[in-house]
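Colleague: You'll find start-v6.cif just under this line, and it carries mmCIF, C-alpha atoms.
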```cif
data_upload
#
loop_
_atom_site.label_atom_id
_atom_site.label_comp_id
_atom_site.auth_asym_id
_atom_site.auth_seq_id
_atom_site.Cartn_x
_atom_site.Cartn_y
_atom_site.Cartn_z
CA MET A 1 13.09 -15.01 13.65
CA SER A 2 13.79 -14.95 9.91
CA THR A 3 12.20 -12.31 7.65
CA ASN A 4 13.79 -13.33 4.36
CA LYS A 5 10.69 -15.00 2.91
CA LYS A 6 7.54 -13.21 1.81
CA ALA A 7 3.89 -14.15 1.36
CA THR A 8 1.85 -12.30 -1.25
CA LEU A 9 -1.80 -11.45 -0.71
CA THR A 10 -3.95 -10.77 -3.76
CA TYR A 11 -7.13 -8.84 -2.94
CA GLY A 12 -9.66 -6.42 -4.40
CA ASP A 13 -9.20 -5.75 -8.11
CA GLY A 14 -5.92 -7.55 -8.51
CA LYS A 15 -4.10 -5.59 -5.81
CA THR A 16 -1.19 -7.34 -4.14
CA MET A 17 0.67 -6.90 -0.91
CA ASP A 18 3.68 -8.72 0.53
CA PHE A 19 3.91 -9.80 4.14
CA PRO A 20 7.06 -11.06 5.88
CA VAL A 21 7.19 -14.76 6.74
CA LEU A 22 8.71 -15.43 10.15
CA GLY A 23 10.39 -18.70 11.00
CA GLY A 24 10.89 -20.08 14.48
CA SER A 25 13.58 -22.49 15.63
CA ILE A 26 11.27 -25.42 14.75
CA GLY A 27 7.69 -25.73 13.59
CA PRO A 28 5.60 -24.02 10.90
CA ASP A 29 6.46 -20.58 9.59
CA VAL A 30 4.00 -17.76 10.29
CA ILE A 31 2.86 -14.88 8.11
CA ASP A 32 3.24 -11.55 9.90
CA ILE A 33 -0.03 -9.72 9.18
CA ARG A 34 0.28 -6.95 11.76
CA THR A 35 0.13 -4.29 9.03
CA LEU A 36 -2.80 -5.90 7.18
CA TYR A 37 -5.59 -3.65 8.45
CA GLY A 38 -3.59 -0.44 8.21
CA LYS A 39 -2.66 -1.11 4.56
CA THR A 40 -5.76 -2.88 3.25
CA GLY A 41 -8.61 -2.03 5.62
CA MET A 42 -9.26 -5.77 6.13
CA PHE A 43 -8.94 -8.21 9.02
CA THR A 44 -8.37 -11.95 8.94
CA TYR A 45 -11.19 -14.29 10.03
CA ASP A 46 -10.13 -17.25 12.17
CA PRO A 47 -12.74 -18.44 14.72
CA GLY A 48 -11.10 -20.46 17.46
CA PHE A 49 -7.67 -19.22 16.28
CA LEU A 50 -7.07 -22.42 14.31
CA SER A 51 -4.35 -20.83 12.16
CA THR A 52 -3.28 -17.85 14.23
CA ALA A 53 -0.07 -17.47 16.26
CA SER A 54 -1.02 -15.03 19.02
CA CYS A 55 2.53 -14.59 20.31
CA SER A 56 6.10 -15.80 20.06
CA SER A 57 7.28 -18.06 22.87
CA LYS A 58 10.34 -20.02 23.96
CA ILE A 59 8.57 -22.20 26.53
CA THR A 60 6.69 -25.12 24.97
CA TYR A 61 6.60 -26.71 21.53
CA ILE A 62 4.07 -29.22 20.22
CA ASP A 63 4.20 -31.17 16.96
CA GLY A 64 0.74 -32.67 16.87
CA ASP A 65 1.34 -34.73 13.74
CA GLU A 66 4.38 -36.47 15.21
CA GLY A 67 3.17 -36.62 18.81
CA VAL A 68 5.99 -34.43 20.17
CA LEU A 69 5.86 -32.25 23.30
CA LEU A 70 8.92 -30.26 24.36
CA TYR A 71 9.40 -28.08 27.45
CA ARG A 72 12.20 -25.61 26.68
CA GLY A 73 13.44 -28.11 24.06
CA TYR A 74 13.43 -31.17 26.34
CA PRO A 75 11.13 -34.09 25.35
CA ILE A 76 8.35 -34.65 27.85
CA GLU A 77 9.33 -38.34 28.05
CA GLN A 78 12.80 -37.50 29.38
CA LEU A 79 11.51 -34.95 31.87
CA ALA A 80 8.78 -37.24 33.20
CA GLN A 81 11.20 -40.13 33.67
CA LYS A 82 14.27 -38.30 34.99
CA CYS A 83 13.07 -35.15 36.78
CA ASP A 84 10.73 -34.25 39.58
CA PHE A 85 8.07 -31.57 39.29
CA LEU A 86 10.03 -28.75 40.91
CA GLU A 87 12.94 -29.32 38.51
CA VAL A 88 10.46 -28.92 35.67
CA CYS A 89 9.06 -25.80 37.34
CA TYR A 90 12.54 -24.29 37.45
CA LEU A 91 13.04 -25.19 33.79
CA LEU A 92 9.79 -23.60 32.65
CA LEU A 93 10.44 -20.43 34.65
CA ASN A 94 14.13 -19.98 33.87
CA GLY A 95 14.78 -21.71 30.56
CA GLU A 96 17.36 -24.19 31.83
CA LEU A 97 17.37 -27.15 34.19
CA PRO A 98 18.87 -26.34 37.61
CA ASN A 99 22.21 -27.54 38.88
CA ILE A 100 22.43 -29.01 42.39
CA GLU A 101 22.83 -25.66 44.16
CA GLN A 102 20.14 -23.92 42.09
CA ASN A 103 17.73 -26.78 42.69
CA LYS A 104 18.34 -26.69 46.45
CA ASP A 105 17.73 -22.94 46.62
CA PHE A 106 14.59 -23.22 44.48
CA VAL A 107 13.14 -26.10 46.51
CA ASP A 108 13.92 -24.27 49.76
CA THR A 109 12.18 -21.13 48.51
CA ILE A 110 9.07 -23.01 47.42
CA THR A 111 8.98 -24.94 50.69
CA ARG A 112 9.13 -21.75 52.77
CA HIS A 113 6.19 -20.26 50.88
CA THR A 114 3.73 -23.16 51.22
CA MET A 115 1.84 -21.62 54.15
CA VAL A 116 -1.05 -19.29 53.33
CA HIS A 117 -2.07 -16.24 55.30
CA ASP A 118 -4.11 -17.46 58.25
CA GLN A 119 -6.94 -15.04 57.51
CA MET A 120 -7.50 -16.83 54.21
CA ASN A 121 -9.00 -19.71 56.21
CA ARG A 122 -12.06 -17.53 56.68
CA PHE A 123 -12.60 -17.29 52.93
CA PHE A 124 -13.32 -20.99 52.76
CA THR A 125 -16.01 -20.80 55.44
CA GLY A 126 -17.83 -18.26 53.28
CA PHE A 127 -18.60 -20.97 50.72
CA ARG A 128 -21.26 -23.61 51.05
CA ARG A 129 -19.88 -27.01 52.03
CA ASP A 130 -21.17 -28.49 48.78
CA ALA A 131 -19.63 -25.78 46.57
CA HIS A 132 -17.60 -27.18 43.69
CA PRO A 133 -13.90 -27.07 44.64
CA MET A 134 -13.11 -25.20 41.40
CA ALA A 135 -15.52 -22.42 42.39
CA VAL A 136 -13.71 -22.19 45.72
CA LEU A 137 -10.31 -22.19 44.02
CA VAL A 138 -11.21 -19.43 41.56
CA GLY A 139 -12.33 -17.21 44.43
CA THR A 140 -9.50 -17.90 46.85
CA VAL A 141 -6.68 -17.59 44.28
CA GLY A 142 -8.11 -14.30 43.07
CA ALA A 143 -8.23 -13.13 46.69
CA MET A 144 -4.48 -13.67 47.13
CA SER A 145 -3.90 -10.21 45.67
CA ALA A 146 -5.60 -8.80 48.78
CA PHE A 147 -2.95 -10.39 51.01
CA TYR A 148 0.34 -10.10 49.11
CA HIS A 149 0.63 -6.43 48.22
CA ASP A 150 4.41 -6.60 48.08
CA SER A 151 4.48 -8.54 44.80
CA LEU A 152 1.85 -6.81 42.63
CA ASP A 153 4.04 -4.46 40.60
CA ILE A 154 4.16 -6.30 37.28
CA ASN A 155 6.88 -3.99 35.99
CA ASN A 156 9.24 -5.04 38.77
CA PRO A 157 11.11 -8.28 37.91
CA GLU A 158 11.59 -9.11 41.60
CA HIS A 159 7.86 -8.73 42.25
CA ARG A 160 7.15 -11.05 39.33
CA ARG A 161 9.59 -13.61 40.71
CA VAL A 162 8.12 -13.51 44.21
CA SER A 163 4.55 -13.82 42.96
CA ALA A 164 5.60 -16.81 40.85
CA MET A 165 7.15 -18.52 43.88
CA ARG A 166 4.08 -17.84 45.98
CA LEU A 167 1.65 -19.20 43.42
CA ILE A 168 3.61 -22.41 42.80
CA ALA A 169 4.11 -22.94 46.54
CA LYS A 170 0.63 -22.10 47.80
CA LEU A 171 -1.57 -23.77 45.17
CA PRO A 172 -1.14 -27.26 46.70
CA THR A 173 -2.09 -25.88 50.11
CA MET A 174 -5.14 -24.10 48.73
CA VAL A 175 -6.29 -27.06 46.63
CA ALA A 176 -6.00 -29.32 49.67
CA MET A 177 -7.92 -26.78 51.76
CA ALA A 178 -10.71 -26.71 49.17
CA TYR A 179 -10.91 -30.50 49.39
CA LYS A 180 -10.84 -30.62 53.19
CA TYR A 181 -13.53 -27.95 53.45
CA ASN A 182 -15.73 -29.85 51.00
CA MET A 183 -15.21 -33.05 53.02
CA GLY A 184 -15.91 -31.37 56.36
CA GLN A 185 -12.45 -32.22 57.67
CA PRO A 186 -9.96 -29.91 59.41
CA PHE A 187 -7.28 -28.24 57.32
CA VAL A 188 -3.87 -29.91 57.36
CA TYR A 189 -0.92 -27.54 57.30
CA PRO A 190 2.16 -28.16 55.12
CA ARG A 191 5.35 -29.72 56.44
CA ASN A 192 8.77 -28.53 55.36
CA ASP A 193 10.41 -31.95 55.61
CA LEU A 194 8.34 -33.43 52.77
CA SER A 195 8.71 -33.11 49.01
CA TYR A 196 6.28 -30.97 47.02
CA SER A 197 4.06 -33.86 45.93
CA ALA A 198 4.33 -35.81 49.20
CA ASN A 199 3.38 -32.67 51.10
CA PHE A 200 0.32 -32.22 48.92
CA MET A 201 -0.83 -35.81 49.40
CA ARG A 202 -0.45 -35.46 53.16
CA MET A 203 -2.45 -32.21 53.18
CA MET A 204 -5.15 -33.97 51.16
CA PHE A 205 -5.44 -37.22 53.07
CA ALA A 206 -4.01 -36.86 56.57
CA VAL A 207 -6.42 -36.63 59.51
CA PRO A 208 -5.70 -35.78 63.17
CA ALA A 209 -6.73 -39.27 64.32
CA GLU A 210 -3.72 -41.06 62.81
CA ASP A 211 -0.35 -40.52 61.16
CA TYR A 212 -0.18 -40.30 57.38
CA LYS A 213 2.30 -42.67 55.75
CA VAL A 214 3.88 -41.44 52.54
CA ASN A 215 3.91 -44.01 49.73
CA GLU A 216 6.72 -43.07 47.33
CA VAL A 217 5.17 -44.94 44.39
CA LEU A 218 1.99 -42.93 44.72
CA VAL A 219 3.91 -39.70 45.30
CA ARG A 220 5.91 -40.30 42.13
CA ALA A 221 2.70 -40.98 40.20
CA LEU A 222 1.22 -37.67 41.34
CA ASP A 223 4.49 -35.90 40.56
CA ARG A 224 4.31 -37.29 37.02
CA ILE A 225 0.74 -36.05 36.65
CA PHE A 226 2.00 -32.59 37.61
CA ILE A 227 4.85 -32.75 35.09
CA LEU A 228 2.63 -33.90 32.23
CA HIS A 229 0.17 -31.08 32.85
CA ALA A 230 2.66 -28.30 33.63
CA ASP A 231 2.33 -26.49 30.29
CA HIS A 232 0.81 -27.08 26.89
CA GLU A 233 1.54 -24.12 24.67
CA GLN A 234 -1.20 -21.56 23.83
CA ASN A 235 -4.30 -23.49 24.90
CA ALA A 236 -7.52 -21.81 26.02
CA SER A 237 -6.55 -21.26 29.67
CA THR A 238 -3.00 -20.14 28.87
CA SER A 239 -4.35 -17.72 26.28
CA THR A 240 -6.79 -16.47 28.92
CA VAL A 241 -3.92 -15.82 31.34
CA ARG A 242 -1.96 -13.98 28.66
CA LEU A 243 -4.99 -11.94 27.57
CA SER A 244 -5.80 -11.04 31.18
CA GLY A 245 -2.17 -10.16 31.82
CA SER A 246 -1.99 -7.98 28.74
CA SER A 247 -4.27 -5.47 30.47
CA GLY A 248 -1.78 -5.12 33.33
CA ALA A 249 -3.85 -7.21 35.76
CA ASN A 250 -1.98 -8.59 38.76
CA PRO A 251 -0.64 -12.17 38.53
CA PHE A 252 -3.09 -13.62 41.07
CA ALA A 253 -6.06 -12.29 39.09
CA CYS A 254 -4.56 -13.68 35.88
CA ILE A 255 -4.10 -17.16 37.35
CA ALA A 256 -7.65 -17.08 38.74
CA ALA A 257 -8.84 -16.29 35.21
CA GLY A 258 -6.87 -19.26 33.90
CA ILE A 259 -8.44 -21.52 36.53
CA ALA A 260 -11.92 -20.31 35.55
CA CYS A 261 -11.23 -21.10 31.90
CA LEU A 262 -9.76 -24.50 32.74
CA TRP A 263 -12.97 -25.39 34.57
CA GLY A 264 -14.76 -25.76 31.22
CA PRO A 265 -15.62 -29.39 30.35
CA ALA A 266 -13.99 -29.06 26.93
CA HIS A 267 -10.68 -28.16 28.58
CA GLY A 268 -9.73 -29.22 32.10
CA GLY A 269 -12.85 -31.26 32.70
CA ALA A 270 -11.98 -33.82 30.03
CA ASN A 271 -10.41 -36.37 32.40
CA GLU A 272 -13.52 -36.34 34.57
CA ALA A 273 -15.65 -36.82 31.45
CA ALA A 274 -13.49 -39.78 30.37
CA LEU A 275 -13.88 -41.46 33.75
CA ASN A 276 -17.63 -40.87 33.73
CA MET A 277 -17.78 -42.45 30.26
CA LEU A 278 -16.06 -45.60 31.55
CA GLU A 279 -18.48 -45.73 34.46
CA GLN A 280 -21.40 -45.48 32.05
CA ILE A 281 -20.06 -48.31 29.88
CA GLY A 282 -19.78 -50.34 33.05
CA ASP A 283 -18.18 -53.56 31.85
CA VAL A 284 -15.79 -54.91 29.20
CA SER A 285 -18.62 -56.93 27.67
CA LYS A 286 -20.40 -53.72 26.71
CA VAL A 287 -17.50 -52.07 24.88
CA SER A 288 -18.54 -53.27 21.41
CA GLU A 289 -22.06 -51.99 21.97
CA PHE A 290 -20.69 -48.63 23.11
CA ILE A 291 -18.37 -48.35 20.10
CA ALA A 292 -21.32 -48.97 17.78
CA LYS A 293 -23.17 -46.07 19.41
CA VAL A 294 -20.14 -43.81 19.01
CA LYS A 295 -20.11 -44.53 15.27
CA ASP A 296 -23.81 -43.75 14.98
CA LYS A 297 -24.08 -40.01 14.40
CA ASN A 298 -27.70 -40.04 15.57
CA SER A 299 -26.96 -41.62 18.96
CA GLY A 300 -25.37 -38.53 20.51
CA VAL A 301 -22.79 -40.76 22.23
CA LYS A 302 -19.23 -39.38 22.25
CA LEU A 303 -15.89 -41.08 22.85
CA MET A 304 -14.25 -39.10 25.65
CA GLY A 305 -10.49 -39.10 26.26
CA PHE A 306 -9.65 -39.72 22.61
CA GLY A 307 -8.48 -37.22 20.03
CA HIS A 308 -7.02 -33.77 20.63
CA ARG A 309 -7.26 -30.32 19.10
CA VAL A 310 -3.51 -30.33 18.45
CA TYR A 311 -2.33 -33.96 18.50
CA LYS A 312 -3.08 -35.96 15.37
CA ASN A 313 -0.97 -38.82 16.65
CA TYR A 314 -0.70 -40.67 19.98
CA ASP A 315 -0.47 -38.06 22.73
CA PRO A 316 3.03 -38.62 24.21
CA ARG A 317 1.63 -37.83 27.66
CA ALA A 318 -0.90 -40.66 27.32
CA LYS A 319 1.87 -43.26 26.93
CA LEU A 320 3.54 -42.05 30.12
CA MET A 321 0.24 -41.87 31.96
CA ARG A 322 -0.56 -45.42 30.90
CA GLU A 323 2.73 -46.64 32.45
CA THR A 324 1.98 -44.72 35.63
CA CYS A 325 -1.50 -46.21 35.71
CA HIS A 326 0.00 -49.74 35.73
CA GLU A 327 2.47 -48.81 38.48
CA VAL A 328 -0.20 -47.34 40.76
CA LEU A 329 -2.72 -50.14 40.28
CA ASN A 330 -0.05 -52.78 40.92
CA GLU A 331 1.18 -50.97 44.03
CA LEU A 332 -2.34 -50.82 45.39
CA GLY A 333 -3.25 -54.35 44.35
CA LEU A 334 -5.80 -53.07 41.87
CA HIS A 335 -4.37 -54.68 38.72
CA ASN A 336 -7.78 -56.22 38.12
CA ASP A 337 -9.46 -52.83 38.47
CA ARG A 338 -12.69 -52.86 36.48
CA LEU A 339 -12.27 -49.42 34.93
CA PHE A 340 -8.64 -49.96 33.97
CA LYS A 341 -9.44 -53.25 32.24
CA LEU A 342 -12.30 -51.48 30.51
CA ALA A 343 -9.98 -48.67 29.42
CA ILE A 344 -7.46 -51.14 27.93
CA ALA A 345 -10.23 -52.90 26.00
CA LEU A 346 -11.62 -49.62 24.72
CA GLU A 347 -8.17 -48.40 23.73
CA LYS A 348 -7.43 -51.63 21.82
CA ILE A 349 -10.60 -51.41 19.77
CA ALA A 350 -10.18 -47.71 19.07
CA LEU A 351 -6.56 -48.17 17.92
CA GLU A 352 -7.46 -51.02 15.56
CA ASP A 353 -10.85 -49.93 14.25
CA GLU A 354 -10.60 -48.14 10.89
CA TYR A 355 -13.32 -45.69 11.92
CA PHE A 356 -11.12 -44.27 14.70
CA VAL A 357 -7.75 -44.80 12.99
CA SER A 358 -8.83 -42.83 9.91
CA ARG A 359 -9.99 -40.00 12.13
CA LYS A 360 -6.80 -40.14 14.21
CA LEU A 361 -8.74 -40.53 17.45
CA TYR A 362 -5.88 -41.70 19.63
CA PRO A 363 -6.03 -41.76 23.44
CA ASN A 364 -5.00 -38.51 25.09
CA VAL A 365 -3.63 -37.88 28.57
CA ASP A 366 -7.11 -37.43 30.03
CA PHE A 367 -8.02 -41.02 29.19
CA TYR A 368 -5.70 -42.43 31.86
CA SER A 369 -5.14 -39.59 34.31
CA GLY A 370 -8.67 -39.90 35.69
CA ILE A 371 -8.11 -43.59 36.49
CA VAL A 372 -4.81 -42.82 38.23
CA GLN A 373 -6.32 -40.04 40.32
CA ARG A 374 -9.26 -42.25 41.23
CA ALA A 375 -6.81 -44.94 42.41
CA LEU A 376 -4.97 -42.32 44.49
CA GLY A 377 -8.24 -41.56 46.27
CA ILE A 378 -8.85 -38.21 44.58
CA PRO A 379 -12.58 -37.64 43.87
CA THR A 380 -13.67 -36.59 40.39
CA SER A 381 -14.72 -33.15 41.64
CA MET A 382 -11.05 -32.48 42.43
CA PHE A 383 -9.57 -33.56 39.09
CA THR A 384 -9.61 -30.09 37.54
CA CYS A 385 -8.19 -28.59 40.74
CA ILE A 386 -5.23 -30.96 40.41
CA PHE A 387 -4.89 -29.85 36.78
CA SER A 388 -4.93 -26.19 37.90
CA LEU A 389 -2.25 -26.85 40.50
CA ALA A 390 0.03 -28.42 37.88
CA ARG A 391 -0.66 -25.85 35.16
CA THR A 392 -0.02 -22.84 37.41
CA VAL A 393 3.71 -22.95 36.69
CA GLY A 394 3.05 -22.96 32.95
CA TRP A 395 0.62 -20.07 33.26
CA ILE A 396 3.00 -18.00 35.35
CA ALA A 397 5.93 -18.75 33.01
CA GLN A 398 3.84 -17.68 30.02
CA TRP A 399 2.67 -14.57 31.89
CA GLN A 400 6.24 -13.62 32.80
CA GLU A 401 7.40 -14.14 29.22
CA MET A 402 4.62 -11.90 27.92
CA ILE A 403 5.31 -9.11 30.41
CA ALA A 404 9.02 -9.13 29.52
CA ASP A 405 8.33 -9.13 25.75
CA PRO A 406 8.98 -5.62 24.33
CA GLU A 407 6.35 -6.30 21.64
CA TYR A 408 3.55 -7.14 24.06
CA LYS A 409 0.46 -4.96 24.11
CA ILE A 410 -3.09 -5.33 25.35
CA GLY A 411 -4.93 -8.09 23.50
CA ARG A 412 -7.71 -6.85 21.25
CA PRO A 413 -9.17 -9.40 18.80
CA ARG A 414 -11.37 -8.00 16.04
CA GLN A 415 -14.57 -9.38 14.56
CA LEU A 416 -16.61 -9.92 11.43
CA TYR A 417 -19.75 -7.95 12.23
CA ASP A 418 -22.91 -9.36 10.62
CA GLY A 419 -25.57 -7.65 12.76
CA ALA A 420 -27.96 -4.88 11.79
CA PRO A 421 -26.43 -1.98 9.83
CA ARG A 422 -26.81 1.58 11.08
CA ARG A 423 -30.44 2.51 11.69
CA ASP A 424 -32.33 5.36 13.34
CA LEU A 425 -34.18 4.97 16.59
CA VAL A 426 -37.99 5.10 16.40
CA PRO A 427 -39.79 6.55 19.47
CA MET A 428 -41.56 3.95 21.60
CA ASN A 429 -45.06 5.23 20.78
CA LYS A 430 -44.40 4.66 17.06
CA ARG A 431 -42.84 1.18 17.22
#
```
Can you turn what I pasted into structure tokens?

Modeller:
Amino acid sequence: MSTNKKATLTYGDGKTMDFPVLGGSIGPDVIDIRTLYGKTGMFTYDPGFLSTASCSSKITYIDGDEGVLLYRGYPIEQLAQKCDFLEVCYLLLNGELPNIEQNKDFVDTITRHTMVHDQMNRFFTGFRRDAHPMAVLVGTVGAMSAFYHDSLDINNPEHRRVSAMRLIAKLPTMVAMAYKYNMGQPFVYPRNDLSYSANFMRMMFAVPAEDYKVNEVLVRALDRIFILHADHEQNASTSTVRLSGSSGANPFACIAAGIACLWGPAHGGANEAALNMLEQIGDVSKVSEFIAKVKDKNSGVKLMGFGHRVYKNYDPRAKLMRETCHEVLNELGLHNDRLFKLAIALEKIALEDEYFVSRKLYPNVDFYSGIVQRALGIPTSMFTCIFSLARTVGWIAQWQEMIADPEYKIGRPRQLYDGAPRRDLVPMNKR
């Protein structure tokens, strides 16, 4: 990182102070204000961290204005079209794509870790049958630290590697178990002769009464969903994982914290909200009426699945998800699917209407991923669990990077206090 440039702060009665400007390999420069409080007695104020870089990272880069998403420098379009999910996992964890031998070893390791401790089955029976699958997932992932004591030393690189393998391998099994428990069906154990995504689909949808037939088109669609959601820089859940990890918490607790954060409707629940919006619109003939309500500030109607905190251009993941949506619906004979036709009509109006264009409200990945998952037979209550499964590799890669960073320390944001100033307590009989 470059420190040649300086930024000058003028404060107080004409006082000035220079701060180093750090430059990354690409993207905006950042002003290093770590010495600000010690030298001036002031903090910065940035609710929501809109202009704050909380860390340095080599994992993911986003250019929201240009609609660019890179994993370790590789465009998401190339990875989604030419790699499978476990290749992308290896890339995020290790910094480079695997060669043939490395890929085989990695896939074999993940495959051998897909089983969960048999006693964990009892955890699921402790939940009500109608418990939300995300509530079940938060609890069971957090409980993994009670079973895998041999990988909890965060200062041991081998422990960190083993815990990463376990989390990536076991999340599909645990997500499928959460679904099966909710459905009242028996758990389906993983099979080592299937790919990562095919194995997950079988654990989700197989039943003892008949064989499950793997459909490679659908498996590839799910694999692409995993790739597109694998990491997304310092979003709310990733920041939660890093903040939790900064205290020295074990990796299973940190990932459980990330899952809990992702559960929020403004984060991981957005694809479910987009699908619910399409259901509420109901039919293509009602799109114009719905758009009019969206424009009316007093209506309270919101356009879900459009716009993004970071992207001010077309979300590159949305383009890929749209292609996948076509492939899945055609494979299943659902090309006349009511919700997909409705989504296309809504997208067309939003991309051409000046109201949305001027506000840069382009479709994001959530707009189409809900339709794809619905076509795959995944219920809306499971959407965020699928998101959690995919994002686990990004969380664990970010967590590992933070632990290995010599500059890392426990996170401790500061505040602008505007409550009551110091005051003396009055005895209760005189209040």

Colleague: Of the candidates A:Val310, A:Leu36, A:Ile371, A:Val116, which shows the shortest atom-to-atom distance to A:Val68, using all atoms listed in the file?

Modeller: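 Under the stated criterion, the closest residue is A:Val310.
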
Colleague: Find, counting all atoms listed in the file, the residue in A:Ala345, A:Ala257, A:Leu79, A:Val241 that gets nearest to A:Ile281.

Modeller: A:Ala345

Colleague: Which residues, protein or nucleic acid, reach to within 10 Å of (10.7, -31.6, 33.9) in the file's coordinates when using only C-alpha atoms, and can you give that as a ChimeraX atom specification?

Modeller: /A:70-72,74-92,97,224,226-228,230

Colleague: Could you turn the residues from that selection into a file that holds C-alpha atoms, as a PDB file, keeping the file's coordinate frame?

Modeller:
```
ATOM      1  CA  LEU A  70       8.920 -30.260  24.360  1.00  0.00           C
ATOM      2  CA  TYR A  71       9.400 -28.080  27.450  1.00  0.00           C
ATOM      3  CA  ARG A  72      12.200 -25.610  26.680  1.00  0.00           C
ATOM      4  CA  TYR A  74      13.430 -31.170  26.340  1.00  0.00           C
ATOM      5  CA  PRO A  75      11.130 -34.090  25.350  1.00  0.00           C
ATOM      6  CA  ILE A  76       8.350 -34.650  27.850  1.00  0.00           C
ATOM      7  CA  GLU A  77       9.330 -38.340  28.050  1.00  0.00           C
ATOM      8  CA  GLN A  78      12.800 -37.500  29.380  1.00  0.00           C
ATOM      9  CA  LEU A  79      11.510 -34.950  31.870  1.00  0.00           C
ATOM     10  CA  ALA A  80       8.780 -37.240  33.200  1.00  0.00           C
ATOM     11  CA  GLN A  81      11.200 -40.130  33.670  1.00  0.00           C
ATOM     12  CA  LYS A  82      14.270 -38.300  34.990  1.00  0.00           C
ATOM     13  CA  CYS A  83      13.070 -35.150  36.780  1.00  0.00           C
ATOM     14  CA  ASP A  84      10.730 -34.250  39.580  1.00  0.00           C
ATOM     15  CA  PHE A  85       8.070 -31.570  39.290  1.00  0.00           C
ATOM     16  CA  LEU A  86      10.030 -28.750  40.910  1.00  0.00           C
ATOM     17  CA  GLU A  87      12.940 -29.320  38.510  1.00  0.00           C
ATOM     18  CA  VAL A  88      10.460 -28.920  35.670  1.00  0.00           C
ATOM     19  CA  CYS A  89       9.060 -25.800  37.340  1.00  0.00           C
ATOM     20  CA  TYR A  90      12.540 -24.290  37.450  1.00  0.00           C
ATOM     21  CA  LEU A  91      13.040 -25.190  33.790  1.00  0.00           C
ATOM     22  CA  LEU A  92       9.790 -23.600  32.650  1.00  0.00           C
ATOM     23  CA  LEU A  97      17.370 -27.150  34.190  1.00  0.00           C
ATOM     24  CA  ARG A 224       4.310 -37.290  37.020  1.00  0.00           C
ATOM     25  CA  PHE A 226       2.000 -32.590  37.610  1.00  0.00           C
ATOM     26  CA  ILE A 227       4.850 -32.750  35.090  1.00  0.00           C
ATOM     27  CA  LEU A 228       2.630 -33.900  32.230  1.00  0.00           C
ATOM     28  CA  ALA A 230       2.660 -28.300  33.630  1.00  0.00           C
TER      29      ALA A 230
END
```

Colleague: Do a neighbour search on A:Met203 at 7 Å with all atoms listed in the file, toss out local chain neighbours closer than 6 positions, and write the hits as a compact mmCIF listing (two decimals) with C-alpha atoms, in the coordinates of the input.

Modeller:
```
# COMPACT_ATOMS: atom_id res chain seq x y z
CA ALA A 176 -6.00 -29.32 49.67
CA VAL A 188 -3.87 -29.91 57.36
CA TYR A 189 -0.92 -27.54 57.30
CA PRO A 190 2.16 -28.16 55.12
```

Colleague: Could you check how far atom CA of A:Asp29 sits from atom CA of A:Ser244, in Å to one decimal?

Modeller: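 These atoms are spaced 26.6 Å apart.
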
Colleague: (-16.8, -22.1, 42.1) in this file's frame - what residues fall within 12 Å of it? Use all atoms listed in the file and give the answer as a count of residues only.

Modeller: 31

Colleague: In terms of the shortest atom-to-atom distance over all atoms listed in the file, which of A:Val107, A:Ala198, A:Ile59, A:Met17 is closest to A:Gly95?

Modeller: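 Between A:Val107, A:Ala198, A:Ile59, A:Met17, the residue approaching A:Gly95 most closely is A:Ile59.
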
Colleague: I'd like the residues picked by the PyMOL selection byres ((chain A and resi 22) around 10) written out as a VMD selection string, using the chain letters and numbers from the file.

Modeller: chain A and resid 1 to 6 19 to 21 23 to 24 28 to 32

Colleague: Looking at A:Ala206, A:Val175, A:Leu342, A:Leu194, which one is nearest to A:Thr111, with distances taken over all atoms listed in the file?

Modeller: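 Under the stated criterion, the closest residue is A:Leu194.
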
Colleague: Can you tell me which residues surround stretch 405-407 of chain A at a distance of at most 12 Å, considering only C-alpha atoms, apart from same-chain residues fewer than 6 positions away, and format the answer as a PDB file with C-alpha atoms, keeping the file's coordinate frame?

Modeller:
```pdb
ATOM      1  CA  ARG A  34       0.280  -6.950  11.760  1.00  0.00           C
ATOM      2  CA  SER A  54      -1.020 -15.030  19.020  1.00  0.00           C
ATOM      3  CA  CYS A  55       2.530 -14.590  20.310  1.00  0.00           C
ATOM      4  CA  SER A  56       6.100 -15.800  20.060  1.00  0.00           C
ATOM      5  CA  SER A  57       7.280 -18.060  22.870  1.00  0.00           C
ATOM      6  CA  LYS A  58      10.340 -20.020  23.960  1.00  0.00           C
ATOM      7  CA  ASN A 155       6.880  -3.990  35.990  1.00  0.00           C
ATOM      8  CA  ARG A 242      -1.960 -13.980  28.660  1.00  0.00           C
ATOM      9  CA  SER A 246      -1.990  -7.980  28.740  1.00  0.00           C
ATOM     10  CA  GLN A 398       3.840 -17.680  30.020  1.00  0.00           C
ATOM     11  CA  TRP A 399       2.670 -14.570  31.890  1.00  0.00           C
TER      12      TRP A 399
END
```

Colleague: Counting all atoms listed in the file, figure out which residue out of A:Asn199, A:Thr109, A:Thr238, A:Thr380 gets nearest to A:Val162.

Modeller: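 Among the listed residues, A:Thr109 lies closest to A:Val162.
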